[in-house]
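Content type mmCIF, C-alpha atoms, from the file data07.cif:
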data_upload
#
loop_
_atom_site.label_atom_id
_atom_site.label_comp_id
_atom_site.auth_asym_id
_atom_site.auth_seq_id
_atom_site.Cartn_x
_atom_site.Cartn_y
_atom_site.Cartn_z
CA MET A 1 76.33 98.55 115.64
CA ILE A 2 77.28 97.11 112.28
CA PHE A 3 79.10 100.34 111.44
CA ILE A 4 81.24 100.11 114.57
CA GLU A 5 82.21 96.60 113.45
CA ILE A 6 83.08 97.98 110.00
CA LEU A 7 85.24 100.70 111.58
CA ILE A 8 87.08 98.16 113.72
CA LYS A 9 87.66 95.95 110.69
CA SER A 10 89.01 98.94 108.73
CA PHE A 11 91.40 99.71 111.58
CA TRP A 12 92.80 96.17 111.35
CA ALA A 13 92.98 96.38 107.55
CA GLY A 14 95.24 99.40 108.06
CA ILE A 15 97.42 97.40 110.48
CA ALA A 16 97.75 94.60 107.90
CA ALA A 17 98.78 97.20 105.30
CA ILE A 18 101.46 98.54 107.66
CA GLY A 19 102.81 95.02 108.23
CA PHE A 20 103.28 94.53 104.50
CA ALA A 21 104.68 98.03 104.09
CA ILE A 22 107.41 97.21 106.61
CA LEU A 23 108.04 93.86 104.93
CA PHE A 24 108.52 95.75 101.63
CA ASN A 25 110.84 98.27 103.31
CA VAL A 26 108.98 101.47 102.41
CA PRO A 27 110.47 104.85 103.40
CA ARG A 28 109.53 105.82 106.95
CA ARG A 29 107.66 108.99 105.95
CA THR A 30 105.12 106.89 104.00
CA LEU A 31 104.11 104.57 106.87
CA PHE A 32 101.28 106.66 108.31
CA PRO A 33 99.75 107.47 104.90
CA ILE A 34 99.81 103.73 104.10
CA TRP A 35 97.89 102.99 107.30
CA CYS A 36 95.30 105.64 106.38
CA ILE A 37 94.93 104.41 102.79
CA GLY A 38 94.70 100.77 103.88
CA ALA A 39 92.05 101.58 106.48
CA PHE A 40 90.13 103.79 104.02
CA GLY A 41 90.17 101.06 101.38
CA GLY A 42 88.95 98.57 103.96
CA LEU A 43 86.18 100.98 105.01
CA ILE A 44 84.94 101.26 101.43
CA LYS A 45 85.12 97.53 100.80
CA PHE A 46 83.28 96.54 103.97
CA THR A 47 80.67 99.27 103.58
CA ALA A 48 80.02 98.20 100.00
CA MET A 49 79.71 94.57 101.09
CA ASN A 50 77.32 95.67 103.83
CA TYR A 51 75.02 97.05 101.11
CA GLU A 52 75.11 93.66 99.37
CA ILE A 53 77.41 94.63 96.55
CA GLY A 54 79.32 91.46 95.74
CA VAL A 55 82.84 90.92 97.00
CA VAL A 56 84.29 91.38 93.49
CA PHE A 57 82.84 94.83 92.87
CA ALA A 58 83.41 95.90 96.47
CA SER A 59 87.10 95.05 96.07
CA PHE A 60 87.18 96.83 92.73
CA PHE A 61 85.72 100.08 94.11
CA ALA A 62 88.05 99.97 97.09
CA ALA A 63 91.07 99.35 94.85
CA VAL A 64 90.14 102.25 92.55
CA VAL A 65 89.84 104.58 95.55
CA VAL A 66 93.17 103.31 96.90
CA GLY A 67 94.76 103.99 93.51
CA VAL A 68 93.38 107.55 93.34
CA VAL A 69 94.39 108.44 96.91
CA ALA A 70 97.81 106.84 96.33
CA ILE A 71 98.46 109.22 93.43
CA GLN A 72 97.55 112.26 95.56
CA MET A 73 99.74 110.94 98.36
CA ALA A 74 102.59 110.40 95.91
CA HIS A 75 102.59 114.14 95.19
CA LEU A 76 102.42 115.01 98.88
CA ARG A 77 105.05 112.61 100.18
CA ASP A 78 107.40 112.41 97.21
CA SER A 79 107.28 108.69 96.55
CA PRO A 80 105.96 106.75 93.56
CA PRO A 81 102.27 105.74 93.80
CA LEU A 82 102.98 102.01 93.90
CA VAL A 83 104.73 102.44 97.26
CA PHE A 84 101.33 103.42 98.69
CA SER A 85 98.94 101.35 96.62
CA ILE A 86 100.47 97.87 96.78
CA PRO A 87 100.71 97.53 100.60
CA SER A 88 97.24 99.07 100.93
CA VAL A 89 95.42 96.58 98.70
CA ILE A 90 97.14 93.48 100.04
CA PRO A 91 94.72 93.21 103.03
CA MET A 92 91.95 92.73 100.45
CA VAL A 93 93.68 89.75 98.82
CA PRO A 94 91.17 86.87 98.85
CA GLY A 95 93.22 84.56 101.04
CA VAL A 96 90.35 82.52 102.46
CA PHE A 97 88.81 81.92 99.01
CA ALA A 98 92.20 80.79 97.72
CA TYR A 99 92.57 78.47 100.71
CA LYS A 100 89.10 76.96 100.28
CA PHE A 101 89.69 76.61 96.53
CA MET A 102 92.91 74.67 97.08
CA LEU A 103 91.27 72.49 99.75
CA GLY A 104 88.40 71.78 97.37
CA MET A 105 90.75 70.84 94.53
CA ILE A 106 92.49 68.30 96.76
CA ALA A 107 89.16 66.94 98.00
CA LEU A 108 88.06 66.47 94.38
CA THR A 109 90.89 64.00 93.82
CA SER A 110 89.53 61.54 96.36
CA ILE A 111 85.70 61.79 96.49
CA GLU A 112 83.90 58.73 95.06
CA LYS A 113 80.15 59.39 95.39
CA THR A 114 78.59 61.43 92.59
CA ASP A 115 76.30 63.72 94.61
CA ILE A 116 78.98 64.63 97.18
CA TYR A 117 81.38 65.15 94.29
CA LEU A 118 78.98 67.55 92.60
CA GLN A 119 78.48 69.50 95.80
CA ALA A 120 82.24 69.80 96.31
CA LEU A 121 82.72 70.73 92.65
CA ILE A 122 80.17 73.56 92.87
CA GLU A 123 81.78 74.99 96.00
CA THR A 124 85.28 74.69 94.60
CA VAL A 125 84.43 76.40 91.33
CA ASN A 126 82.58 79.15 93.24
CA ASN A 127 85.55 79.82 95.51
CA GLY A 128 88.02 79.67 92.63
CA ALA A 129 86.00 82.09 90.49
CA LYS A 130 85.65 84.53 93.39
CA MET A 131 89.38 84.35 94.10
CA MET A 132 90.33 84.94 90.47
CA PHE A 133 87.97 87.82 89.86
CA VAL A 134 88.83 89.55 93.14
CA LEU A 135 92.50 89.37 92.19
CA ILE A 136 91.79 90.80 88.73
CA ALA A 137 89.59 93.49 90.28
CA LEU A 138 92.34 94.50 92.70
CA GLY A 139 94.99 94.62 89.99
CA THR A 140 92.92 96.59 87.48
CA GLY A 141 91.45 98.81 90.21
CA VAL A 142 94.88 99.91 91.35
CA ALA A 143 96.20 100.27 87.81
CA ILE A 144 93.31 102.27 86.30
CA PRO A 145 93.97 105.58 88.14
CA MET A 146 97.68 105.29 87.30
CA LEU A 147 96.82 104.78 83.63
CA LEU A 148 94.39 107.70 83.61
CA THR A 149 96.83 110.18 85.18
CA ARG A 150 99.81 109.12 83.11
CA LYS A 151 99.52 112.31 81.03
CA GLU A 152 99.91 114.46 84.10
CA SER A 153 103.29 113.09 85.05
CA ILE A 154 104.59 113.32 81.50
CA LYS A 155 103.48 116.95 81.33
CA LYS A 156 105.70 117.64 84.28
CA SER A 157 108.73 116.77 82.20
CA ASP A 158 108.19 119.61 79.71
CA PHE A 159 111.59 121.09 80.52
CA ASN A 160 112.92 118.11 78.65
CA LYS A 161 112.98 120.29 75.60
CA LYS A 162 115.63 122.60 77.02
CA LYS A 163 118.09 119.73 76.97
CA LYS A 164 119.68 118.51 73.83
CA ALA A 165 117.68 115.33 73.63
CA VAL A 166 118.48 113.36 70.52
CA VAL A 167 116.08 112.87 67.62
CA MET B 1 147.98 104.71 94.45
CA LYS B 2 145.29 107.24 95.13
CA ILE B 3 145.85 108.87 91.76
CA LYS B 4 145.60 105.50 90.06
CA SER B 5 142.28 104.67 91.67
CA GLU B 6 141.07 108.14 90.81
CA ILE B 7 141.95 107.53 87.17
CA LEU B 8 140.23 104.17 87.21
CA ARG B 9 137.17 105.75 88.72
CA THR B 10 136.95 108.48 86.12
CA LYS B 11 137.52 105.88 83.45
CA THR B 12 134.48 103.82 84.47
CA LEU B 13 132.45 106.92 85.20
CA LYS B 14 133.18 108.87 82.06
CA GLU B 15 130.29 110.75 80.57
CA ASP B 16 130.43 108.71 77.39
CA ALA B 17 127.86 106.28 76.09
CA GLN B 18 129.56 103.36 77.81
CA GLY B 19 129.62 104.93 81.26
CA VAL B 20 126.03 106.13 81.01
CA GLY B 21 124.90 102.77 79.63
CA ASN B 22 126.48 100.88 82.49
CA ILE B 23 124.92 103.09 85.15
CA LEU B 24 121.52 102.90 83.43
CA LEU B 25 121.69 99.10 83.37
CA GLU B 26 122.60 99.06 87.05
CA ILE B 27 119.63 101.29 87.90
CA GLY B 28 117.31 99.20 85.73
CA SER B 29 118.30 95.91 87.28
CA LEU B 30 118.02 97.44 90.75
CA LEU B 31 114.47 98.58 89.94
CA MET B 32 113.52 95.18 88.53
CA SER B 33 114.70 93.30 91.58
CA SER B 34 113.07 95.83 93.95
CA GLY B 35 109.61 95.22 92.52
CA ALA B 36 108.92 98.01 90.02
CA ASN B 37 106.71 97.29 87.00
CA SER B 38 108.11 97.26 83.46
CA ASN B 39 106.67 100.60 82.40
CA ARG B 40 108.16 102.36 85.42
CA ILE B 41 111.59 100.91 84.59
CA ARG B 42 111.31 102.08 81.00
CA ILE B 43 110.10 105.58 81.91
CA THR B 44 112.74 106.04 84.62
CA LEU B 45 115.64 104.94 82.44
CA GLU B 46 114.48 107.08 79.52
CA ARG B 47 114.07 110.06 81.83
CA ILE B 48 117.64 109.71 83.14
CA ALA B 49 119.05 109.18 79.65
CA ASN B 50 117.17 112.23 78.38
CA GLY B 51 118.54 114.29 81.24
CA LEU B 52 122.07 113.31 80.28
CA GLY B 53 121.35 113.93 76.62
CA TYR B 54 121.23 110.39 75.23
CA LYS B 55 118.67 108.26 73.50
CA THR B 56 118.05 104.69 74.62
CA GLU B 57 116.32 101.58 73.37
CA LEU B 58 115.39 99.00 75.97
CA LEU B 59 114.37 95.37 76.18
CA ILE B 60 113.05 94.50 79.62
CA THR B 61 112.60 90.89 80.64
CA HIS B 62 112.14 89.30 84.03
CA ARG B 63 115.71 88.15 84.50
CA ALA B 64 117.74 90.29 82.06
CA LEU B 65 117.88 93.82 80.70
CA MET B 66 119.15 94.77 77.27
CA LEU B 67 120.01 98.37 76.52
CA THR B 68 121.33 100.25 73.53
CA ILE B 69 122.39 103.82 74.16
CA ILE B 70 123.00 106.23 71.30
CA GLU B 71 125.12 109.36 71.50
CA LYS B 72 124.03 112.81 70.46
CA ASP B 73 125.80 112.80 67.12
CA GLN B 74 124.33 109.38 66.29
CA GLU B 75 127.87 108.19 65.60
CA HIS B 76 128.64 106.04 68.61
CA PHE B 77 126.41 103.65 70.40
CA PHE B 78 126.84 101.12 73.15
CA SER B 79 124.92 97.92 73.78
CA ARG B 80 124.97 95.62 76.74
CA LEU B 81 122.98 92.87 78.38
CA LYS B 82 122.74 92.61 82.14
CA ARG B 83 121.27 89.85 84.24
CA THR B 84 119.02 91.04 87.03
CA SER B 85 119.23 89.22 90.31
CA PRO B 86 116.01 88.03 91.92
CA HIS B 87 115.90 89.82 95.23
CA GLY B 88 113.42 90.96 97.82
CA VAL B 89 110.92 93.74 97.27
CA ASN B 90 112.44 97.04 98.41
CA PHE B 91 110.28 100.13 97.92
CA ARG B 92 112.85 102.39 99.54
CA VAL B 93 115.07 101.82 96.51
CA VAL B 94 112.18 102.35 94.07
CA SER B 95 111.32 105.64 95.77
CA GLY B 96 114.96 106.77 95.89
CA ILE B 97 115.54 106.04 92.20
CA SER B 98 112.41 107.98 91.30
CA HIS B 99 113.89 111.02 93.14
CA LEU B 100 117.23 110.44 91.44
CA SER B 101 115.70 110.48 87.96
CA TRP B 102 114.01 113.84 88.63
CA ASN B 103 117.24 115.24 90.03
CA VAL B 104 119.05 114.29 86.84
CA LEU B 105 116.45 116.10 84.80
CA GLU B 106 116.01 119.19 86.97
CA GLN B 107 119.43 119.72 88.54
CA ASN B 108 121.68 118.35 85.79
CA TRP B 109 123.32 115.67 87.90
CA THR B 110 126.51 114.16 86.52
CA VAL B 111 127.22 110.46 86.07
CA LEU B 112 129.47 110.55 89.14
CA GLN B 113 126.67 111.99 91.29
CA ILE B 114 124.24 109.38 89.96
CA SER B 115 126.61 106.55 90.73
CA GLU B 116 127.22 107.83 94.26
CA GLU B 117 123.48 108.09 94.85
CA VAL B 118 122.95 104.53 93.57
CA GLN B 119 125.64 103.26 95.95
CA ARG B 120 123.96 105.14 98.81
CA LEU B 121 120.53 103.68 97.94
CA LYS B 122 121.97 100.16 97.80
CA ALA B 123 123.46 100.59 101.28
CA LEU B 124 120.25 101.98 102.84
CA PRO B 125 119.26 99.95 105.89
CA HIS B 126 116.18 97.77 106.14
CA TYR B 127 113.94 98.02 109.15
CA PRO B 128 115.39 96.18 112.16
CA ARG B 129 114.60 92.47 112.09
CA LEU B 130 112.55 92.49 115.28
CA VAL B 131 110.42 95.36 113.99
CA VAL B 132 109.76 93.46 110.76
CA LEU B 133 108.88 90.26 112.63
CA GLY B 134 106.62 92.13 115.07
CA PHE B 135 104.72 94.14 112.48
CA VAL B 136 104.27 91.26 110.05
CA GLY B 137 103.00 89.21 113.01
CA LEU B 138 100.53 92.00 113.75
CA ALA B 139 99.50 91.93 110.10
CA GLY B 140 98.82 88.19 110.45
CA ALA B 141 96.67 88.87 113.51
CA ALA B 142 94.91 91.64 111.59
CA PHE B 143 94.11 89.24 108.74
CA CYS B 144 92.66 86.82 111.27
CA ARG B 145 90.47 89.61 112.68
CA LEU B 146 89.33 90.56 109.16
CA PHE B 147 88.18 87.01 108.50
CA GLY B 148 86.26 86.90 111.78
CA GLY B 149 88.66 85.43 114.34
CA GLY B 150 88.59 86.33 118.04
CA PHE B 151 91.50 87.30 120.29
CA ILE B 152 92.73 83.73 120.86
CA GLU B 153 92.79 83.04 117.12
CA MET B 154 94.55 86.34 116.57
CA SER B 155 97.31 85.43 119.02
CA VAL B 156 97.70 82.04 117.34
CA ALA B 157 97.97 83.76 113.95
CA PHE B 158 100.51 86.23 115.39
CA VAL B 159 102.78 83.49 116.72
CA ALA B 160 102.42 81.39 113.57
CA THR B 161 103.21 84.34 111.29
CA VAL B 162 106.27 85.38 113.29
CA ALA B 163 107.59 81.81 113.24
CA GLY B 164 106.89 81.44 109.52
CA LEU B 165 108.60 84.71 108.63
CA PHE B 166 111.59 83.80 110.78
CA VAL B 167 111.93 80.46 108.97
CA ARG B 168 111.64 82.24 105.62
CA GLN B 169 114.33 84.78 106.52
CA GLU B 170 116.68 82.02 107.67
CA ALA B 171 116.00 79.94 104.54
CA MET B 172 116.67 82.99 102.36
CA ARG B 173 119.90 83.62 104.24
CA VAL B 174 121.29 80.16 103.42
CA LYS B 175 120.10 80.69 99.83
CA PHE B 176 117.53 77.98 99.29
CA ASN B 177 115.46 78.08 96.12
CA PRO B 178 112.99 80.98 96.63
CA TYR B 179 109.91 78.79 96.15
CA LEU B 180 111.32 76.30 98.64
CA CYS B 181 111.77 79.17 101.13
CA VAL B 182 108.06 79.95 100.77
CA TYR B 183 107.21 76.28 101.23
CA PHE B 184 109.27 76.03 104.43
CA ALA B 185 107.68 79.20 105.79
CA SER B 186 104.22 77.94 104.92
CA VAL B 187 104.89 74.62 106.68
CA ALA B 188 106.25 76.36 109.79
CA ALA B 189 103.39 78.85 110.05
CA SER B 190 100.59 76.41 109.36
CA PHE B 191 102.13 73.76 111.64
CA ILE B 192 101.81 76.09 114.62
CA ALA B 193 98.29 77.14 113.65
CA GLY B 194 97.49 73.47 112.94
CA LEU B 195 98.55 72.46 116.46
CA ALA B 196 96.05 75.01 117.75
CA GLU B 197 93.40 73.46 115.54
CA LEU B 198 94.37 69.93 116.64
CA TYR B 199 93.96 70.81 120.34
CA GLN B 200 90.93 73.03 119.64
CA ILE B 201 92.38 76.22 121.06
CA GLY B 202 89.91 79.05 120.52
CA ALA B 203 86.41 78.98 119.07
CA GLN B 204 87.26 78.91 115.35
CA PRO B 205 90.82 77.54 115.04
CA ASP B 206 90.39 76.98 111.29
CA LYS B 207 90.35 80.79 110.81
CA ALA B 208 93.82 81.03 112.34
CA PHE B 209 94.96 78.10 110.18
CA ALA B 210 93.80 79.74 106.96
CA THR B 211 95.19 83.20 107.79
CA SER B 212 98.53 82.14 109.26
CA VAL B 213 100.11 81.87 105.79
CA LEU B 214 98.67 85.05 104.29
CA PHE B 215 101.88 87.02 104.89
CA LEU B 216 103.41 84.91 102.08
CA VAL B 217 100.78 85.98 99.53
CA PRO B 218 102.59 87.10 96.34
CA GLY B 219 100.93 90.52 96.22
CA VAL B 220 103.67 92.37 94.37
CA PRO B 221 104.13 89.82 91.55
CA LEU B 222 100.36 89.48 91.01
CA ILE B 223 99.58 93.21 91.03
CA ASN B 224 102.60 94.01 88.86
CA SER B 225 101.48 91.22 86.54
CA VAL B 226 98.07 92.83 86.00
CA THR B 227 99.65 96.29 85.61
CA ASP B 228 102.12 94.98 83.02
CA LEU B 229 99.38 93.17 81.11
CA LEU B 230 97.24 96.32 81.02
CA GLU B 231 100.14 98.41 79.77
CA GLY B 232 100.89 96.01 76.94
CA ASN B 233 104.00 94.37 78.34
CA LEU B 234 102.28 91.02 77.83
CA GLN B 235 105.38 88.87 78.08
CA ASN B 236 106.49 90.33 81.40
CA GLY B 237 102.93 90.29 82.71
CA ILE B 238 102.51 86.59 81.96
CA ILE B 239 105.87 85.73 83.49
CA ARG B 240 105.15 87.68 86.65
CA GLY B 241 101.73 86.06 86.91
CA ILE B 242 103.21 82.57 86.62
CA ASN B 243 105.80 83.46 89.23
CA GLY B 244 102.97 84.54 91.55
CA LEU B 245 101.05 81.33 90.85
CA ILE B 246 104.05 79.16 91.69
CA ILE B 247 104.45 81.02 94.99
CA ALA B 248 100.73 80.48 95.72
CA PHE B 249 101.16 76.81 94.85
CA SER B 250 104.14 76.55 97.24
CA ILE B 251 101.99 78.03 100.01
CA ALA B 252 99.23 75.52 99.28
CA MET B 253 101.67 72.59 99.26
CA GLY B 254 102.91 73.69 102.68
CA LEU B 255 99.34 73.76 104.00
CA PHE B 256 98.62 70.29 102.65
CA SER B 257 101.81 68.83 104.05
CA VAL B 258 100.79 70.04 107.49
CA ARG B 259 97.23 68.77 107.10
CA MET B 260 98.60 65.36 106.18
CA ILE B 261 101.08 65.32 109.06
CA LEU B 262 98.56 66.41 111.69
CA HIS B 263 95.50 64.64 110.19
CA ILE B 264 93.18 67.62 110.53
#
Can the structure from this file be put into structure tokens for me?
Amino acid sequence: MIFIEILIKSFWAGIAAIGFAILFNVPRRTLFPIWCIGAFGGLIKFTAMNYEIGVVFASFFAAVVVGVVAIQMAHLRDSPPLVFSIPSVIPMVPGVFAYKFMLGMIALTSIEKTDIYLQALIETVNNGAKMMFVLIALGTGVAIPMLLTRKESIKKSDFNKKKKAVV
Amino acid sequence: MKIKSEILRTKTLKEDAQGVGNILLEIGSLLMSSGANSNRIRITLERIANGLGYKTELLITHRALMLTIIEKDQEHFFSRLKRTSPHGVNFRVVSGISHLSWNVLEQNWTVLQISEEVQRLKALPHYPRLVVLGFVGLAGAAFCRLFGGGFIEMSVAFVATVAGLFVRQEAMRVKFNPYLCVYFASVAASFIAGLAELYQIGAQPDKAFATSVLFLVPGVPLINSVTDLLEGNLQNGIIRGINGLIIAFSIAMGLFSVRMILHI
């Protein structure tokens, strides 16, 4: 039952990725791959969270997988990897944590009682830390595969030497 | 007349350092405003320059590009600064320029061909406005579903997102400050979702309220910021990150304005 829920959530994660892809005006041939990558990333994130891996590491794993698949897709569909990876990870952006963090910050400006203040402070810091680390995890997760395969794409330009490049 | 314009054209598109430098700067600024990261801009420009047989040195900043291009015999060089305009993210251009750079390397494209391709890429159409509005609205509904909303909340998020995006597009069209555009969009979207919360439409109206503004999330600046930082372009990374933070702050200010207006 829980797995059906995860599948449905992944489907909607793919839809969210498509929405952003269209907002960013990606080439039409990349739309379906973006849906697949977005849904696959969502599947990994929600499955990982189901096994009680924290939201930060779940996002990180999902982002790494998105980055790897995006590079393969880039070869198949002739577009740079970031065209696939950025719309696909945006559904994992910690919007609700960011929202709660901002609400908490505003609440902290007006609370008077110490114990309520402490409670609000704990929640706010928790939400803020989660938001920040999920963002960092998404950014590094997407970037790591690109950094690791950088050699590959430079190797492709070996025929450089035939030209009279200066130096 | 035709001959004259032909001469002018060949003059600006000569295969000398100046012509190549100008076209490289144009490509670089196009990439920067379309949402490519700094390393991609550097690699692409160097690839094109290599293909044409030149050597370049580049300084990439968020709002300006500086390029020195050196000829084969090391005798002549050309330097120019170019401001880059802040514009919307456009991955179709990023993808097209990536193709272009490989074509220069593999099929020996000339400067004239490059310039024609750049003009073609600039004129490429966006998706129709209704399609954009509809799909981004769907994305808003999808976000609501991801955070546990039901069908009523999803419809509220859909309507709010479409309205917010419409306001943003209109504000961009009359050239408001970009952060102000985000603020207006955030107010419009969260006002609609806030009305639903005020009249208790649906079981968890706060879910729709929190997810109605997620289409404004500065995903490209934040992810490019981390990529730039990791690749050692610290200055650009920090600037992009701050840009993303200001956008996030504008979204939050919009939410608070609505909460104050509606008292929820």
Inset, instruction - With the file shown as input, list the residues that the PyMOL selection byres ((chain B) within 6 of (chain A)) selects, as a ChimeraX atom specification. - result: /B:50,53,55,72,89-92,95,135-136,139,142,146,223,226-227
Legend entry - atom CA of Ile152 of chain B to atom CA of Gly202 of chain B, straight-line distance in Å: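 Between atom CA of Gly202 of chain B and atom CA of Ile152 of chain B the gap works out to 5.5 Å.
Taking atom CA of Ala203 of chain B and atom CA of Ala157 of chain B as the two end points, the separation is 13.5 Å.
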Inset, instruction - Tell me which residues the PyMOL selection byres ((chain A and resi 36-38) around 6) grabs here, as a PyMOL selection string. - result: chain A and resi 13-14+17+33-35+39-41+88
Inset, instruction - Measuring atom to atom with all atoms listed in the file, identify which of A:Leu108, A:Ala48, A:Leu76, A:Leu148 is nearest to Ala120 of chain A. - result: A:Leu108
Could I get segment 51-110 of chain B from the block written as a PDB file, in the first residue's frame, with C-alpha atoms?
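Saved as part.pdb:
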ATOM      1  CA  GLY B  51      37.743  25.694 -33.587  1.00  0.00           C
ATOM      2  CA  LEU B  52      38.360  29.002 -35.314  1.00  0.00           C
ATOM      3  CA  GLY B  53      42.039  28.899 -34.408  1.00  0.00           C
ATOM      4  CA  TYR B  54      42.256  31.574 -31.714  1.00  0.00           C
ATOM      5  CA  LYS B  55      43.239  31.680 -28.097  1.00  0.00           C
ATOM      6  CA  THR B  56      41.069  33.482 -25.563  1.00  0.00           C
ATOM      7  CA  GLU B  57      41.288  34.730 -22.007  1.00  0.00           C
ATOM      8  CA  LEU B  58      38.011  35.300 -20.210  1.00  0.00           C
ATOM      9  CA  LEU B  59      36.685  37.078 -17.147  1.00  0.00           C
ATOM     10  CA  ILE B  60      33.133  36.007 -16.364  1.00  0.00           C
ATOM     11  CA  THR B  61      31.047  37.971 -13.899  1.00  0.00           C
ATOM     12  CA  HIS B  62      27.332  38.005 -13.259  1.00  0.00           C
ATOM     13  CA  ARG B  63      26.543  41.141 -15.217  1.00  0.00           C
ATOM     14  CA  ALA B  64      29.530  41.592 -17.559  1.00  0.00           C
ATOM     15  CA  LEU B  65      31.916  39.548 -19.668  1.00  0.00           C
ATOM     16  CA  MET B  66      35.478  40.519 -20.474  1.00  0.00           C
ATOM     17  CA  LEU B  67      37.309  38.781 -23.286  1.00  0.00           C
ATOM     18  CA  THR B  68      40.744  39.050 -24.826  1.00  0.00           C
ATOM     19  CA  ILE B  69      41.251  37.164 -28.055  1.00  0.00           C
ATOM     20  CA  ILE B  70      44.717  36.547 -29.452  1.00  0.00           C
ATOM     21  CA  GLU B  71      45.500  35.784 -33.076  1.00  0.00           C
ATOM     22  CA  LYS B  72      47.558  32.878 -34.308  1.00  0.00           C
ATOM     23  CA  ASP B  73      50.737  34.846 -34.874  1.00  0.00           C
ATOM     24  CA  GLN B  74      50.466  36.394 -31.400  1.00  0.00           C
ATOM     25  CA  GLU B  75      50.764  39.800 -33.045  1.00  0.00           C
ATOM     26  CA  HIS B  76      47.240  41.142 -32.857  1.00  0.00           C
ATOM     27  CA  PHE B  77      44.784  40.879 -30.065  1.00  0.00           C
ATOM     28  CA  PHE B  78      41.389  42.305 -29.323  1.00  0.00           C
ATOM     29  CA  SER B  79      39.791  43.074 -25.971  1.00  0.00           C
ATOM     30  CA  ARG B  80      36.271  44.045 -25.151  1.00  0.00           C
ATOM     31  CA  LEU B  81      33.848  44.222 -22.264  1.00  0.00           C
ATOM     32  CA  LYS B  82      30.198  43.392 -22.728  1.00  0.00           C
ATOM     33  CA  ARG B  83      27.339  43.830 -20.308  1.00  0.00           C
ATOM     34  CA  THR B  84      25.043  40.844 -20.047  1.00  0.00           C
ATOM     35  CA  SER B  85      21.360  41.517 -19.712  1.00  0.00           C
ATOM     36  CA  PRO B  86      19.449  39.770 -16.947  1.00  0.00           C
ATOM     37  CA  HIS B  87      16.856  37.725 -18.738  1.00  0.00           C
ATOM     38  CA  GLY B  88      14.739  34.655 -18.239  1.00  0.00           C
ATOM     39  CA  VAL B  89      16.110  31.137 -18.110  1.00  0.00           C
ATOM     40  CA  ASN B  90      16.052  29.632 -21.604  1.00  0.00           C
ATOM     41  CA  PHE B  91      17.470  26.123 -21.932  1.00  0.00           C
ATOM     42  CA  ARG B  92      16.634  25.952 -25.628  1.00  0.00           C
ATOM     43  CA  VAL B  93      19.353  28.549 -26.228  1.00  0.00           C
ATOM     44  CA  VAL B  94      21.825  26.748 -23.940  1.00  0.00           C
ATOM     45  CA  SER B  95      21.225  23.500 -25.817  1.00  0.00           C
ATOM     46  CA  GLY B  96      21.471  25.182 -29.237  1.00  0.00           C
ATOM     47  CA  ILE B  97      24.754  26.905 -28.384  1.00  0.00           C
ATOM     48  CA  SER B  98      26.199  23.618 -27.182  1.00  0.00           C
ATOM     49  CA  HIS B  99      25.400  22.118 -30.626  1.00  0.00           C
ATOM     50  CA  LEU B 100      26.848  25.185 -32.313  1.00  0.00           C
ATOM     51  CA  SER B 101      30.160  24.877 -30.483  1.00  0.00           C
ATOM     52  CA  TRP B 102      30.562  21.248 -31.579  1.00  0.00           C
ATOM     53  CA  ASN B 103      29.672  22.178 -35.143  1.00  0.00           C
ATOM     54  CA  VAL B 104      32.419  24.795 -35.161  1.00  0.00           C
ATOM     55  CA  LEU B 105      34.910  22.208 -34.008  1.00  0.00           C
ATOM     56  CA  GLU B 106      33.803  19.279 -36.169  1.00  0.00           C
ATOM     57  CA  GLN B 107      32.486  20.904 -39.339  1.00  0.00           C
ATOM     58  CA  ASN B 108      34.684  24.007 -39.493  1.00  0.00           C
ATOM     59  CA  TRP B 109      31.854  26.521 -39.394  1.00  0.00           C
ATOM     60  CA  THR B 110      32.716  30.065 -40.439  1.00  0.00           C
TER      61      THR B 110
END
